[in-house]
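Asker: Before anything else, here's the structure in question.
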Amino acid sequence: MRQSEQVRNTTETQISVSLCLDSRKKGEIITPVGFLTHMLELFQNHSGFEMHIRAQGDIHVDFHHTVEDIGILLGQAFSQALGDKRGICRYADILLPMDEALVLAAVDISGRAYLAYDVSFPSSHTGNFDLELVEEFLYAFVTNAKITLHIQKLAGTNAHHIAEAVFKALARVLRRAVKIDGDNADVIPSTKGVL
């Protein structure tokens with residue numbers, strides 16, 4: 001089983017993440033940021049990964065530290081769970097609709113961190129969640145997962161739908177990219193021999 005557990009305790013946040021890429025069990029996600037909890041539950045459902053996340057943070061300041069640190073830990077868990085990446089498909093892409101919203105996502109599990117983020121929202125917030133934190137979460141995740149991710153909004157007028165499409169698209173491309181390629185199950189998918 002490809003799995004990892006990560007813990008982060010700082011003066012700003014206390015977070016634990018458990019991730020299993022090969023389990024279809026439903027985990028439990030508890031954060032003080034309701035909208036992020038919702039997005040992570042969508043991510044878990046659409047990725048098929050089992051995730052257990054418990055987070056506390058200085059939300060009396062704002063949601064930034066909590067959102068970013070969850071992204072950091074989830075990225076670290078993802079990277080560790082993949083190990084040497086032997087047998088994975090490595091690349092994946094998707095066009096994901098969510099009602100009027102349409103998001104393109106493409107990933108390369110390359111061992112190199114890069115985020116190309118082209119997503120605009122029609123408002124700055126959905127409920128009390130600052131939507132600029134979507135990019136912060138993705139940047140933290142990508143940097144620590146060591147993957148290349150392109151996310152682009154092609155259509156959308158509802159901020160909630162756009163954010164949902166982003167998280168669902170991320171989940172679906174990661175699910176495809178980490179799948180074991182049956183014809184190359186014992187091969188690291190790189191001419192370098194390492195990812």
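How things are named: the first chain in the structure tokens is A, the next is B, and so on; residues count from 1 in each chain; ligands count from 1 in the order shown.
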As a VMD selection string, please: every residue in range 31-151 of chain A that a backbone DSSP assignment puts in strand (DSSP E or B).

Answerer: chain A and resid 50 to 57 88 91 to 98 101 to 108 114 to 118 125 to 126 129 to 130 148 to 151

Asker: Would you give me, as a Markdown table, each residue of range 128-177 of chain A having an atom within 6 Å of an atom of range 105-119 of chain A, along with its shortest atom pair and that distance in Å to one decimal, using only C-alpha atoms and sorting by chain and residue number?

Answerer:
| residue | atom | partner | partner_atom | distance |
| --- | --- | --- | --- | --- |
| A:Val142 | CA | A:Ala113 | CA | 5.8 |
| A:Thr143 | CA | A:Ala113 | CA | 4.9 |
| A:Lys146 | CA | A:Ala113 | CA | 4.3 |
| A:Ile147 | CA | A:Ile109 | CA | 4.7 |
| A:Thr148 | CA | A:Tyr114 | CA | 4.5 |
| A:Leu149 | CA | A:Val107 | CA | 4.6 |
| A:His150 | CA | A:Ala116 | CA | 4.6 |
| A:Ile151 | CA | A:Ala105 | CA | 4.6 |
| A:Gln152 | CA | A:Asp118 | CA | 4.7 |
| A:Lys153 | CA | A:Val119 | CA | 5.0 |
| A:Ala169 | CA | A:Ala105 | CA | 5.9 |

Asker: Can you pull out every residue within 9 Å of range 42-59 of chain A, counting only C-alpha atoms, but drop anything in the same chain fewer than 3 positions away, and send it as JSON, numbers by chain?

Answerer: {"A": [11, 12, 13, 14, 15, 16, 17, 18, 19, 20, 21, 22, 23, 24, 25, 26, 27, 28, 29, 30, 31, 32, 33, 37, 38, 39, 62, 63, 64, 65, 66, 67, 70, 74, 164, 167, 168, 169, 170, 171, 172, 173, 174, 175, 176]}

Asker: With only C-alpha atoms as the counted atoms, please give the residues lying no more than 7 Å from Ala145 in chain A, apart from itself and same-chain residues fewer than 6 positions off, as number ranges by chain.

Answerer: A: 75-76, 78-79

Asker: Looking at A:Pro97, A:Ser190, A:Gly71, A:Gly87, which one is nearest to Leu133 in chain A, with distances taken over only C-alpha atoms?

Answerer: A:Gly71

Asker: Please return, as a PyMOL selection string, all residues of range 120-160 of chain A that DSSP assigns to helix (DSSP H, G or I) on the basis of the backbone.

Answerer: chain A and resi 132-145+159-160
